[in-house]
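Colleague: entry28.cif is reproduced in full below (mmCIF, C-alpha atoms and all ligand atoms).
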data_data
#
loop_
_atom_site.label_atom_id
_atom_site.label_comp_id
_atom_site.auth_asym_id
_atom_site.auth_seq_id
_atom_site.Cartn_x
_atom_site.Cartn_y
_atom_site.Cartn_z
CA MET A 515 18.59 13.02 -2.03
CA PRO A 516 17.52 10.26 -4.50
CA GLY A 517 16.44 7.04 -2.76
CA GLY A 518 19.03 4.34 -2.19
CA GLU A 519 22.22 6.23 -1.45
CA ASP A 520 21.73 6.03 2.31
CA LYS A 521 23.06 2.81 3.84
CA ARG A 522 22.03 3.58 7.44
CA GLY A 523 19.37 1.54 9.24
CA ASN A 524 15.64 2.02 8.60
CA ALA A 525 14.96 3.75 11.91
CA THR A 526 17.75 6.28 11.36
CA ARG A 527 16.69 6.91 7.77
CA ALA A 528 13.07 7.49 8.81
CA VAL A 529 14.16 10.01 11.45
CA GLU A 530 16.43 11.95 9.08
CA ALA A 531 14.55 11.80 5.77
CA GLY A 532 13.39 15.05 4.18
CA ARG A 533 14.60 17.32 6.99
CA ARG A 534 16.43 19.88 4.84
CA LYS A 535 17.55 22.80 6.95
CA VAL A 536 16.22 25.24 4.39
CA TRP A 537 12.72 23.79 4.96
CA THR A 538 12.81 23.20 8.74
CA GLY A 539 14.59 26.43 9.70
CA PRO A 540 15.82 26.35 13.29
CA VAL A 541 13.19 23.82 14.46
CA VAL A 542 12.98 20.04 14.05
CA ASN A 543 10.01 19.78 11.67
CA PRO A 544 9.12 21.86 8.63
CA PRO A 545 6.39 24.30 9.65
CA VAL A 546 2.91 23.97 8.16
CA TRP A 547 2.93 26.28 5.16
CA ARG A 548 -0.73 26.99 4.38
CA ALA A 549 -0.58 28.59 0.98
CA SER A 550 -2.55 29.03 -2.21
CA THR A 551 -0.90 32.11 -3.66
CA HIS A 552 2.82 32.50 -3.91
CA ILE A 553 3.88 36.13 -4.23
CA TYR A 554 6.61 36.95 -6.75
CA GLU A 555 9.20 39.62 -6.07
CA SER A 556 8.90 40.99 -9.59
CA GLU A 557 7.35 40.40 -13.02
CA ALA A 558 10.71 39.04 -14.14
CA GLU A 559 10.61 36.43 -11.36
CA ARG A 560 7.01 35.45 -12.22
CA LYS A 561 7.97 34.98 -15.88
CA ALA A 562 11.06 32.96 -14.99
CA ALA A 563 8.92 30.63 -12.85
CA LEU A 564 6.76 29.74 -15.88
CA THR A 565 9.62 27.77 -17.38
CA ASN A 566 10.91 26.40 -14.09
CA ASN A 567 8.53 23.52 -13.33
CA ARG A 568 10.76 21.68 -10.88
CA ASP A 569 10.31 20.19 -7.41
CA GLY A 570 10.96 22.47 -4.47
CA GLN A 571 10.11 25.68 -6.37
CA PHE A 572 7.39 28.09 -5.34
CA TYR A 573 4.88 28.66 -8.13
CA TYR A 574 1.27 28.29 -7.02
CA GLY A 575 -0.39 26.40 -4.16
CA ARG A 576 -1.06 23.24 -6.16
CA ARG A 577 2.68 22.65 -6.52
CA GLY A 578 2.95 22.67 -2.73
CA ALA A 579 5.32 24.38 -0.33
CA PRO A 580 8.07 23.14 2.01
CA THR A 581 5.75 20.96 4.16
CA GLN A 582 4.65 18.85 1.19
CA TRP A 583 8.11 18.97 -0.41
CA ALA A 584 9.70 17.64 2.77
CA LEU A 585 7.27 14.70 2.87
CA ALA A 586 7.73 13.87 -0.81
CA GLU A 587 11.51 14.06 -0.46
CA ALA A 588 11.45 11.90 2.69
CA LEU A 589 9.50 9.19 0.84
CA THR A 590 11.91 9.40 -2.11
CA GLU A 591 14.89 8.97 0.20
CA LEU A 592 13.27 5.87 1.69
CA GLU A 593 12.61 4.27 -1.73
CA PRO A 594 15.87 2.99 -3.25
CA GLY A 595 15.96 3.77 -6.96
CA ALA A 596 13.43 6.61 -6.84
CA VAL A 597 14.22 10.10 -8.06
CA GLY A 598 10.92 11.59 -6.93
CA THR A 599 7.56 11.04 -5.25
CA VAL A 600 4.16 12.49 -6.08
CA LEU A 601 1.68 12.98 -3.22
CA TYR A 602 -2.06 12.41 -3.70
CA PRO A 603 -5.06 13.08 -1.46
CA SER A 604 -5.67 9.35 -0.88
CA GLY A 605 -4.20 5.96 -1.71
CA VAL A 606 -6.90 5.42 -4.32
CA ALA A 607 -6.03 8.77 -5.92
CA ALA A 608 -2.40 7.56 -6.09
CA ILE A 609 -3.50 4.32 -7.77
CA ALA A 610 -5.56 6.29 -10.32
CA GLY A 611 -2.80 8.86 -10.85
CA ALA A 612 -0.15 6.22 -11.46
CA LEU A 613 -2.29 4.17 -13.87
CA LEU A 614 -3.40 7.26 -15.80
CA ALA A 615 0.25 8.28 -16.12
CA VAL A 616 1.23 5.12 -17.99
CA LEU A 617 -1.88 4.00 -19.91
CA SER A 618 -3.53 5.26 -23.11
CA PRO A 619 -6.64 4.20 -25.06
CA GLY A 620 -6.10 0.82 -26.74
CA ASP A 621 -3.62 -0.39 -24.11
CA VAL A 622 -4.08 -3.58 -22.11
CA LEU A 623 -3.48 -3.62 -18.36
CA LEU A 624 -2.77 -6.93 -16.61
CA LEU A 625 -4.20 -6.66 -13.12
CA SER A 626 -3.34 -9.10 -10.37
CA ASP A 627 -6.56 -10.86 -9.36
CA ASN A 628 -5.97 -10.37 -5.62
CA SER A 629 -5.60 -6.59 -5.84
CA TYR A 630 -7.39 -4.18 -3.54
CA GLU A 631 -11.01 -3.94 -4.71
CA PRO A 632 -10.92 -0.25 -5.80
CA SER A 633 -7.81 -1.04 -7.92
CA ARG A 634 -9.83 -3.77 -9.64
CA ASN A 635 -12.73 -1.36 -10.06
CA MET A 636 -10.37 1.15 -11.65
CA GLY A 637 -9.70 -1.42 -14.36
CA THR A 638 -13.31 -2.41 -14.93
CA GLY A 639 -14.64 1.16 -14.55
CA LEU A 640 -12.61 4.31 -15.18
CA LEU A 641 -9.94 2.70 -17.38
CA LYS A 642 -12.50 0.77 -19.40
CA ARG A 643 -14.34 4.03 -20.10
CA MET A 644 -11.05 5.47 -21.33
CA GLY A 645 -10.60 2.61 -23.79
CA VAL A 646 -8.06 0.65 -21.73
CA GLU A 647 -8.72 -3.08 -21.48
CA THR A 648 -8.06 -4.84 -18.17
CA ARG A 649 -7.29 -8.56 -17.90
CA PHE A 650 -7.11 -10.21 -14.49
CA PHE A 651 -4.39 -12.77 -13.85
CA ASP A 652 -3.42 -15.22 -11.12
CA PRO A 653 -0.08 -13.85 -9.81
CA LEU A 654 0.90 -17.34 -8.60
CA ASP A 655 0.63 -18.86 -12.09
CA ILE A 656 3.67 -17.41 -13.84
CA ASP A 657 3.34 -19.54 -16.99
CA ALA A 658 -0.25 -18.43 -17.61
CA TYR A 659 0.77 -14.82 -16.88
CA ARG A 660 3.61 -14.95 -19.42
CA LYS A 661 1.19 -16.01 -22.12
CA LEU A 662 -0.98 -12.90 -21.58
CA PHE A 663 1.54 -10.51 -23.10
CA PHE A 664 1.09 -9.23 -26.64
CA GLU A 665 1.81 -5.94 -28.40
CA ARG A 666 -1.00 -4.02 -26.66
CA THR A 667 0.02 -5.08 -23.12
CA LYS A 668 1.50 -1.91 -21.67
CA ALA A 669 1.31 -2.25 -17.87
CA VAL A 670 1.07 -4.76 -15.02
CA TRP A 671 -0.50 -3.98 -11.64
CA LEU A 672 0.74 -5.99 -8.66
CA GLU A 673 0.06 -6.15 -4.95
CA ALA A 674 2.09 -8.26 -2.52
CA PRO A 675 0.75 -9.82 -0.47
CA GLY A 676 -2.68 -9.77 -2.11
CA SER A 677 -5.50 -7.88 -0.46
CA LEU A 678 -7.49 -9.93 2.09
CA THR A 679 -6.33 -13.35 0.88
CA MET A 680 -2.63 -12.50 1.43
CA GLU A 681 -1.03 -14.63 -1.31
CA MET A 682 2.64 -13.76 -1.85
CA CYS A 683 3.75 -13.62 -5.49
CA ASP A 684 7.21 -13.59 -7.03
CA VAL A 685 7.39 -9.85 -7.74
CA PRO A 686 10.90 -9.80 -9.30
CA ALA A 687 9.95 -12.61 -11.70
CA LEU A 688 6.63 -10.99 -12.69
CA CYS A 689 8.35 -7.63 -13.25
CA ALA A 690 11.15 -9.18 -15.29
CA ILE A 691 8.62 -10.80 -17.64
CA ALA A 692 6.78 -7.47 -18.00
CA ARG A 693 10.06 -5.68 -18.75
CA ASP A 694 11.01 -8.29 -21.38
CA HIS A 695 7.71 -7.48 -23.12
CA GLY A 696 8.18 -3.70 -22.90
CA ALA A 697 5.48 -3.27 -20.23
CA VAL A 698 5.68 -1.14 -17.10
CA SER A 699 5.20 -2.76 -13.65
CA LEU A 700 3.37 -0.92 -10.90
CA ILE A 701 2.91 -2.22 -7.39
CA ASP A 702 0.64 -1.33 -4.49
CA ASN A 703 3.31 -1.46 -1.79
CA THR A 704 1.11 -0.30 1.09
CA TRP A 705 1.50 -3.51 3.15
CA ALA A 706 5.30 -3.53 3.46
CA THR A 707 6.16 0.09 2.55
CA SER A 708 9.51 0.83 0.94
CA LEU A 709 11.22 -0.10 4.23
CA GLY A 710 9.93 -3.68 4.08
CA PHE A 711 9.97 -4.05 0.31
CA PRO A 712 12.21 -1.78 -1.79
CA ALA A 713 9.92 -2.16 -4.78
CA LEU A 714 11.96 -0.34 -7.42
CA GLU A 715 15.09 -2.28 -6.47
CA ARG A 716 13.11 -5.50 -6.86
CA GLY A 717 12.15 -4.64 -10.43
CA CYS A 718 8.97 -2.54 -10.20
CA ASP A 719 8.86 0.72 -12.15
CA ILE A 720 6.38 2.60 -9.96
CA SER A 721 5.76 2.03 -6.26
CA VAL A 722 2.37 3.18 -4.95
CA THR A 723 1.59 3.49 -1.23
CA SER A 724 -1.48 4.50 0.71
CA LEU A 725 0.05 6.81 3.32
CA THR A 726 -3.30 6.58 5.15
CA LYS A 727 -2.04 3.29 6.61
CA HIS A 728 1.44 2.84 8.13
CA ILE A 729 2.93 6.26 7.37
CA SER A 730 0.07 8.05 9.11
CA GLY A 731 -0.09 5.28 11.68
CA HIS A 732 -2.74 7.09 13.72
CA SER A 733 -5.95 6.67 11.68
CA ASP A 734 -6.38 10.40 11.31
CA LEU A 735 -5.48 11.30 7.74
CA MET A 736 -5.92 10.20 4.14
CA MET A 737 -3.06 10.40 1.63
CA GLY A 738 -1.25 8.43 -1.05
CA ALA A 739 2.07 8.52 -2.88
CA ALA A 740 3.76 7.16 -5.99
CA SER A 741 7.54 7.01 -6.40
CA ALA A 742 9.55 6.21 -9.53
CA GLY A 743 12.83 6.54 -11.37
CA ASP A 744 13.59 9.42 -13.72
CA LYS A 745 11.42 8.85 -16.80
CA LEU A 746 8.28 7.63 -15.08
CA TYR A 747 8.56 10.14 -12.25
CA ARG A 748 8.28 12.90 -14.84
CA ARG A 749 5.13 11.27 -16.22
CA LEU A 750 3.63 10.83 -12.76
CA ARG A 751 4.35 14.44 -11.92
CA ILE A 752 2.93 15.98 -15.09
CA THR A 753 -0.18 13.78 -14.94
CA SER A 754 -0.82 14.72 -11.33
CA GLN A 755 -0.39 18.40 -12.17
CA GLN A 756 -2.86 18.05 -15.04
CA LEU A 757 -5.33 16.33 -12.70
CA GLY A 758 -4.86 19.11 -10.12
CA GLN A 759 -3.77 16.78 -7.33
CA VAL A 760 -2.52 18.39 -4.13
CA VAL A 761 -2.40 17.44 -0.43
CA SER A 762 -3.00 19.74 2.49
CA PRO A 763 0.08 20.98 4.39
CA ASP A 764 -1.59 20.05 7.69
CA ASP A 765 -1.95 16.45 6.54
CA ALA A 766 1.60 16.45 5.15
CA ALA A 767 2.88 17.53 8.58
CA LEU A 768 0.89 14.73 10.23
CA ALA A 769 2.26 12.21 7.72
CA LEU A 770 5.81 13.38 8.45
CA ARG A 771 5.15 12.95 12.16
CA GLY A 772 3.89 9.42 11.56
CA LEU A 773 6.83 8.56 9.33
CA ARG A 774 9.36 9.22 12.10
CA THR A 775 8.02 6.39 14.28
CA MET A 776 6.91 4.04 11.52
CA PRO A 777 9.85 1.58 11.70
CA LEU A 778 9.25 1.05 15.43
CA ARG A 779 5.51 0.66 15.00
CA LEU A 780 5.97 -1.80 12.14
CA GLU A 781 8.44 -3.85 14.14
CA ARG A 782 6.10 -4.05 17.11
CA SER A 783 2.94 -4.79 15.13
CA THR A 784 4.78 -7.45 13.11
CA GLN A 785 5.89 -9.24 16.27
CA SER A 786 2.43 -9.02 17.81
CA ALA A 787 0.80 -10.21 14.57
CA LEU A 788 3.04 -13.28 14.53
CA GLN A 789 2.08 -14.05 18.13
CA VAL A 790 -1.64 -13.70 17.40
CA ALA A 791 -1.30 -15.68 14.14
CA ASP A 792 0.46 -18.55 15.94
CA TRP A 793 -2.28 -18.61 18.55
CA LEU A 794 -5.00 -18.61 15.88
CA ALA A 795 -3.28 -21.47 14.04
CA GLY A 796 -3.77 -23.64 17.13
CA ARG A 797 -7.50 -22.95 17.45
CA ASP A 798 -10.11 -25.53 16.46
CA GLU A 799 -12.34 -22.77 15.03
CA VAL A 800 -9.68 -21.74 12.49
CA ALA A 801 -9.10 -23.62 9.22
CA HIS A 802 -6.33 -21.44 7.76
CA VAL A 803 -4.10 -18.59 8.84
CA LEU A 804 -3.04 -16.45 5.86
CA CYS A 805 0.15 -14.69 6.90
CA PRO A 806 3.20 -14.83 4.61
CA MET A 807 5.50 -13.68 7.43
CA ARG A 808 4.73 -16.90 9.28
CA ARG A 809 6.93 -19.95 8.80
CA GLY A 810 4.90 -22.66 7.05
CA ASP A 811 2.72 -20.21 5.10
CA SER A 812 2.76 -20.89 1.34
CA GLY A 813 4.16 -17.37 0.78
CA TYR A 814 6.83 -17.54 3.48
CA ALA A 815 9.78 -18.46 1.22
CA LEU A 816 9.15 -15.53 -1.14
CA TRP A 817 8.54 -13.14 1.75
CA LYS A 818 11.80 -14.24 3.39
CA ARG A 819 13.70 -13.90 0.11
CA ASP A 820 12.39 -10.51 -1.04
CA PHE A 821 11.12 -8.62 2.00
CA ALA A 822 13.00 -6.95 4.83
CA GLY A 823 9.91 -6.59 7.00
CA GLY A 824 6.17 -6.88 7.31
CA CYS A 825 3.34 -5.42 9.32
CA GLY A 826 0.38 -6.31 11.50
CA LEU A 827 -2.04 -7.15 8.69
CA PHE A 828 -3.02 -10.77 8.04
CA SER A 829 -6.15 -12.90 7.68
CA PHE A 830 -7.63 -16.15 8.86
CA VAL A 831 -10.40 -18.40 7.57
CA LEU A 832 -12.97 -19.98 9.86
CA LYS A 833 -13.52 -23.72 9.88
CA GLY A 834 -17.04 -24.10 8.50
CA GLN A 835 -19.33 -21.59 10.27
CA ASP A 836 -21.93 -19.30 8.80
CA GLU A 837 -22.09 -15.53 8.56
CA ALA A 838 -24.15 -15.21 11.74
CA ALA A 839 -21.47 -17.08 13.69
CA ARG A 840 -18.74 -14.87 12.24
CA ALA A 841 -20.78 -11.79 13.16
CA ARG A 842 -21.05 -13.06 16.76
CA LEU A 843 -17.26 -13.35 16.83
CA VAL A 844 -16.47 -9.85 15.58
CA ASP A 845 -19.34 -8.19 17.46
CA LYS A 846 -17.95 -9.55 20.72
CA LEU A 847 -14.48 -8.06 20.20
CA GLU A 848 -13.72 -5.02 22.34
CA LEU A 849 -10.14 -4.18 21.39
CA PHE A 850 -10.65 -4.79 17.66
CA GLY A 851 -12.84 -2.23 15.92
CA ILE A 852 -14.73 -3.32 12.80
CA GLY A 853 -13.34 -1.16 10.02
CA TYR A 854 -11.84 -0.99 6.55
CA SER A 855 -8.60 0.89 6.89
CA TRP A 856 -5.56 -0.49 8.71
CA GLY A 857 -2.04 0.35 9.82
CA GLY A 858 -3.15 2.50 12.75
CA PHE A 859 -2.11 2.14 16.40
CA GLU A 860 -5.41 0.39 17.15
CA SER A 861 -6.39 -3.14 16.13
CA LEU A 862 -9.15 -3.82 13.62
CA ALA A 863 -11.10 -6.86 12.40
CA LEU A 864 -12.78 -7.02 9.01
CA PRO A 865 -14.95 -9.94 7.85
CA PHE A 866 -14.45 -10.62 4.15
CA ASP A 867 -15.95 -12.72 1.36
CA VAL A 868 -13.94 -12.54 -1.82
CA ASP A 869 -15.99 -14.85 -4.08
CA ARG A 870 -17.29 -11.82 -5.97
CA ILE A 871 -13.88 -10.12 -6.40
CA ARG A 872 -11.79 -12.96 -7.82
CA ASP A 873 -11.83 -13.79 -11.55
CA ALA A 874 -8.63 -15.80 -12.09
CA MET A 875 -8.07 -17.29 -8.62
CA ALA A 876 -10.33 -19.80 -6.91
CA TRP A 877 -11.85 -19.16 -3.48
CA PRO A 878 -11.97 -21.27 -1.37
CA LYS A 879 -8.58 -22.54 -2.57
CA PRO A 880 -8.76 -25.78 -4.57
CA ASN A 881 -7.07 -27.87 -1.85
CA TRP A 882 -9.32 -26.60 0.97
CA ASN A 883 -12.64 -27.89 2.26
CA ALA A 884 -15.27 -25.94 0.34
CA GLU A 885 -17.12 -24.98 3.53
CA ASP A 886 -14.03 -23.22 4.94
CA ARG A 887 -14.46 -19.89 3.19
CA LEU A 888 -15.47 -17.15 5.63
CA GLY A 889 -12.50 -14.88 6.30
CA VAL A 890 -11.58 -12.28 8.86
CA ARG A 891 -8.74 -9.84 8.28
CA LEU A 892 -6.95 -8.51 11.35
CA SER A 893 -4.91 -5.35 11.57
CA ILE A 894 -2.83 -5.79 14.69
CA GLY A 895 -2.05 -2.52 16.40
CA LEU A 896 0.13 -1.55 19.33
CA GLU A 897 -1.89 -3.12 22.16
CA ASP A 898 -0.36 -5.91 24.24
CA PRO A 899 -0.73 -9.10 22.21
CA ALA A 900 -1.90 -11.07 25.27
CA ASP A 901 -4.87 -8.70 25.56
CA LEU A 902 -5.68 -9.09 21.89
CA ILE A 903 -5.57 -12.87 22.23
CA ALA A 904 -7.87 -12.73 25.27
CA ASP A 905 -10.27 -10.56 23.25
CA LEU A 906 -10.28 -13.07 20.37
CA GLU A 907 -10.80 -15.91 22.84
CA ARG A 908 -13.95 -14.17 24.11
CA GLY A 909 -15.02 -13.69 20.48
CA PHE A 910 -14.65 -17.40 19.71
CA ALA A 911 -16.65 -18.28 22.83
CA ALA A 912 -19.46 -15.99 21.61
CA MET A 913 -19.23 -17.56 18.15
CA ARG A 914 -19.74 -21.05 19.55
CA ASN A 915 -22.69 -20.03 21.75
CA THR A 916 -25.66 -19.81 19.42
C1 LIG B 1 -3.85 -2.33 -0.22
C2 LIG B 1 -4.50 -0.98 -0.23
N1 LIG B 1 -4.13 -0.10 -1.15
C3 LIG B 1 -4.70 1.11 -1.22
C4 LIG B 1 -5.68 1.49 -0.34
C5 LIG B 1 -6.35 2.82 -0.51
O1 LIG B 1 -5.89 3.77 0.36
P1 LIG B 1 -6.75 5.03 0.78
O2 LIG B 1 -7.72 4.54 1.80
O3 LIG B 1 -5.72 5.96 1.30
O4 LIG B 1 -7.44 5.56 -0.44
C6 LIG B 1 -6.09 0.60 0.66
C7 LIG B 1 -7.13 1.00 1.63
O5 LIG B 1 -7.65 0.21 2.38
C8 LIG B 1 -5.50 -0.68 0.71
O6 LIG B 1 -5.88 -1.61 1.61
#
Here is the file; what I need is its structure written in the form of structure tokens.

Modeller:
Amino acid sequence: MPGGEDKRGNATRAVEAGRRKVWTGPVVNPPVWRASTHIYESEAERKAALTNNRDGQFYYGRRGAPTQWALAEALTELEPGAVGTVLYPSGVAAIAGALLAVLSPGDVLLLSDNSYEPSRNMGTGLLKRMGVETRFFDPLDIDAYRKLFFERTKAVWLEAPGSLTMEMCDVPALCAIARDHGAVSLIDNTWATSLGFPALERGCDISVTSLTKHISGHSDLMMGAASAGDKLYRRLRITSQQLGQVVSPDDAALALRGLRTMPLRLERSTQSALQVADWLAGRDEVAHVLCPMRRGDSGYALWKRDFAGGCGLFSFVLKGQDEAARARLVDKLELFGIGYSWGGFESLALPFDVDRIRDAMAWPKPNWNAEDRLGVRLSIGLEDPADLIADLERGFAAMRNT
């Protein structure tokens, strides 16, 4: 079923999505089809398959089998406006696959300055080597962004909110400008997922998600996906086939399992994150809480207007302090692991310094005290928020005690 025709609630849609009877058989979930070779009934059937490159058809292991098809279809159903979804072995592979599907040598890519670091590196590394030029832009400065378009500008890469620094941009406005100039808009929609931000409905042409995060939800698999409408889905699909991208059926089954409970997990981690963020905002050690879901945040109005949900990921900036003090804080935490990924059931804390990965946006922000610049990103999991707050309180005590 193409995304967007189902008007039921998110939790119901996540439970039902992709569960075609022909794939599940008499059980609830599609079995794990481990398969490289698909056996044809006859030479005539093998020859017919050569010209039948469509989703949901057996051909050869790289085109998947019902376990992967069920996951791809589930994600398509949850993304209004999508006709199909391509699965990739990681979120970064999905980012690369989507960009390679729409860019050619000589093209210019406009890349939002607060994008996930490997997305930035894709622009300055792989794409540069291919003859694609990347220009970073401040997604909050729409007038400057508009002026960047010219005949070679072919694609725009967005992320909302931005990685680590969590700025919320006006995605529909940025996409509309790109469309007016004949450029394609792609978004890294990992933070909100299609349930919290129906990216294609809001004007994006391709929605990319790291399934490693919320869809998995259990910190035990790596996977990515890109969903699009008709024309671009065909380009995504053929490019991924040419690149030989495939995901394991075992991981697809795990991702499907995670997907079923994702709306509940997101709801809970969002509520807990807001509680922890409010508590942090009242602390003397904290200069800024960066959480667009929180009333009073500079991104709150756009989040409220465009998003139907959020998640447990947000950041804060310490008042003054040096790196040793910040290390004392995170080293003391017992419930928060120190780690890069996020979206799992367990909470994480990640110190960050973005000075080196911002070209068009200032850090610290122009209206801040210059010494308030050391950040910590939190991924709030499913623990009791009071316990997380107590853990952070112990961390702050350790930070103060030199
Ligand atoms: C915003 C964002 N996009 C994409 C990715 C990449 O996902 P993966 O780890 O599945 O490659 C990450 C990983 O941290 C991320 O934070």

Colleague: Which residues form the shell of 8 Å around ligand LIG 1 (chain B) when you count all atoms listed in the file, given as a list in words?

Modeller: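 Using all atoms listed in the file, everything at most 8 Å from ligand LIG 1 (chain B) comes to Pro603, Ser604, Gly605, Val606, Ala607, Ala608, Ile609, Ser629, Tyr630, Pro632, Ser633, Glu673, Gly676, Ser677, Asp702, Asn703, Thr704, Trp705, Thr723, Ser724, Leu725, Thr726, Lys727, Met736, Met737, Gly738, Tyr854, Ser855 and Trp856 of chain A.
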
Colleague: Pull C-alpha atoms from the residues just selected and write them as an mmCIF file, in the frame of the given file.

Modeller:
data_model
loop_
_atom_site.group_PDB
_atom_site.id
_atom_site.type_symbol
_atom_site.label_atom_id
_atom_site.label_comp_id
_atom_site.auth_asym_id
_atom_site.auth_seq_id
_atom_site.Cartn_x
_atom_site.Cartn_y
_atom_site.Cartn_z
ATOM 1 C CA PRO A 603 -5.060 13.080 -1.460
ATOM 2 C CA SER A 604 -5.670 9.350 -0.880
ATOM 3 C CA GLY A 605 -4.200 5.960 -1.710
ATOM 4 C CA VAL A 606 -6.900 5.420 -4.320
ATOM 5 C CA ALA A 607 -6.030 8.770 -5.920
ATOM 6 C CA ALA A 608 -2.400 7.560 -6.090
ATOM 7 C CA ILE A 609 -3.500 4.320 -7.770
ATOM 8 C CA SER A 629 -5.600 -6.590 -5.840
ATOM 9 C CA TYR A 630 -7.390 -4.180 -3.540
ATOM 10 C CA PRO A 632 -10.920 -0.250 -5.800
ATOM 11 C CA SER A 633 -7.810 -1.040 -7.920
ATOM 12 C CA GLU A 673 0.060 -6.150 -4.950
ATOM 13 C CA GLY A 676 -2.680 -9.770 -2.110
ATOM 14 C CA SER A 677 -5.500 -7.880 -0.460
ATOM 15 C CA ASP A 702 0.640 -1.330 -4.490
ATOM 16 C CA ASN A 703 3.310 -1.460 -1.790
ATOM 17 C CA THR A 704 1.110 -0.300 1.090
ATOM 18 C CA TRP A 705 1.500 -3.510 3.150
ATOM 19 C CA THR A 723 1.590 3.490 -1.230
ATOM 20 C CA SER A 724 -1.480 4.500 0.710
ATOM 21 C CA LEU A 725 0.050 6.810 3.320
ATOM 22 C CA THR A 726 -3.300 6.580 5.150
ATOM 23 C CA LYS A 727 -2.040 3.290 6.610
ATOM 24 C CA MET A 736 -5.920 10.200 4.140
ATOM 25 C CA MET A 737 -3.060 10.400 1.630
ATOM 26 C CA GLY A 738 -1.250 8.430 -1.050
ATOM 27 C CA TYR A 854 -11.840 -0.990 6.550
ATOM 28 C CA SER A 855 -8.600 0.890 6.890
ATOM 29 C CA TRP A 856 -5.560 -0.490 8.710
#

Colleague: Go through A:Thr526, A:Ser730, A:Ser812, A:Ser618 one by one, measure the shortest atom-to-atom distance of each to Leu770 in chain A using all atoms listed in the file, and give the residue with the smallest value.

Modeller: A:Ser730

Colleague: Kindly indicate which residue among A:Arg660, A:Arg908, A:Arg666, A:Arg914 lies nearest to Thr648 in chain A, using all atoms listed in the file for the distances.

Modeller: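 The answer is A:Arg666, which sits nearest to Thr648 in chain A.
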
Colleague: Nearest to Thr784 in chain A: which of A:Leu816, A:Ser699, A:Leu735, A:Ser893 is it, counting all atoms listed in the file?

Modeller: A:Ser893

Colleague: In Å, with one decimal, what is the gap from CA of Ala874 in chain A to CA of Asp655 in chain A?

Modeller: 9.8 Å

Colleague: Considering all atoms listed in the file, can you say which of A:Trp882, A:Trp793, A:Phe664, A:Tyr574 comes closest to Arg548 in chain A?

Modeller: A:Tyr574

Colleague: Go through A:Ser626, A:Ser708, A:Asn881, A:Ser829 one by one, measure the shortest atom-to-atom distance of each to Trp671 in chain A using all atoms listed in the file, and give the residue with the smallest value.

Modeller: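 Closest to Trp671 in chain A, using all atoms listed in the file: A:Ser626.
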
Colleague: Got a sec: who's within 9 Å of Gly909 in chain A, counting all atoms listed in the file, leaving out chain neighbours fewer than 2 positions off, as a ChimeraX atom specification?

Modeller: /A:842-848,904-907,911-914

Colleague: Which residues are close to Ile894 in chain A, i.e. within 9 Å by only C-alpha atoms, leaving aside same-chain residues fewer than 3 positions away? Reply as a PDB file with C-alpha atoms, in the coordinates of the input.

Modeller:
ATOM      1  CA  SER A 783       2.940  -4.790  15.130  1.00  0.00           C
ATOM      2  CA  THR A 784       4.780  -7.450  13.110  1.00  0.00           C
ATOM      3  CA  SER A 786       2.430  -9.020  17.810  1.00  0.00           C
ATOM      4  CA  ALA A 787       0.800 -10.210  14.570  1.00  0.00           C
ATOM      5  CA  VAL A 790      -1.640 -13.700  17.400  1.00  0.00           C
ATOM      6  CA  CYS A 825       3.340  -5.420   9.320  1.00  0.00           C
ATOM      7  CA  GLY A 826       0.380  -6.310  11.500  1.00  0.00           C
ATOM      8  CA  LEU A 827      -2.040  -7.150   8.690  1.00  0.00           C
ATOM      9  CA  PHE A 828      -3.020 -10.770   8.040  1.00  0.00           C
ATOM     10  CA  PHE A 850     -10.650  -4.790  17.660  1.00  0.00           C
ATOM     11  CA  TRP A 856      -5.560  -0.490   8.710  1.00  0.00           C
ATOM     12  CA  GLY A 857      -2.040   0.350   9.820  1.00  0.00           C
ATOM     13  CA  GLY A 858      -3.150   2.500  12.750  1.00  0.00           C
ATOM     14  CA  PHE A 859      -2.110   2.140  16.400  1.00  0.00           C
ATOM     15  CA  GLU A 860      -5.410   0.390  17.150  1.00  0.00           C
ATOM     16  CA  SER A 861      -6.390  -3.140  16.130  1.00  0.00           C
ATOM     17  CA  LEU A 862      -9.150  -3.820  13.620  1.00  0.00           C
ATOM     18  CA  ALA A 863     -11.100  -6.860  12.400  1.00  0.00           C
ATOM     19  CA  GLU A 897      -1.890  -3.120  22.160  1.00  0.00           C
ATOM     20  CA  PRO A 899      -0.730  -9.100  22.210  1.00  0.00           C
ATOM     21  CA  LEU A 902      -5.680  -9.090  21.890  1.00  0.00           C
TER      22      LEU A 902
END

Colleague: Provide an axis-aligned box for all listed atoms of range 676-691 of chain A, padding each side by 6 Å; report its centre and its edge lengths in Å to one decimal, as AutoDock Vina command-line options.

Modeller:
--center_x 1.8 --center_y -11.1 --center_z -7.8 --size_x 30.6 --size_y 19.0 --size_z 31.7

Colleague: Within 8 Å of Ile729 in chain A, counting only C-alpha atoms, which residues qualify if same-chain residues fewer than 6 places away don't, as number ranges by chain?

Modeller: A: 769-770, 772-773, 776

Colleague: Which one of A:Leu641, A:Leu662, A:Leu778, A:Ala767 sits closest to Leu709 in chain A if you count all atoms listed in the file?

Modeller: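 Ranking A:Leu641, A:Leu662, A:Leu778, A:Ala767 by distance to Leu709 in chain A, first place goes to A:Leu778.
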
Colleague: Could you check how far CA of Thr667 in chain A sits from CA of Ile752 in chain A, in Å to one decimal?

Modeller: 22.7 Å

Colleague: CA of Asp820 in chain A to CA of Asn524 in chain A: how many Å, to one decimal?

Modeller: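 Computing the Euclidean distance for CA of Asp820 in chain A and CA of Asn524 in chain A yields 16.1 Å.
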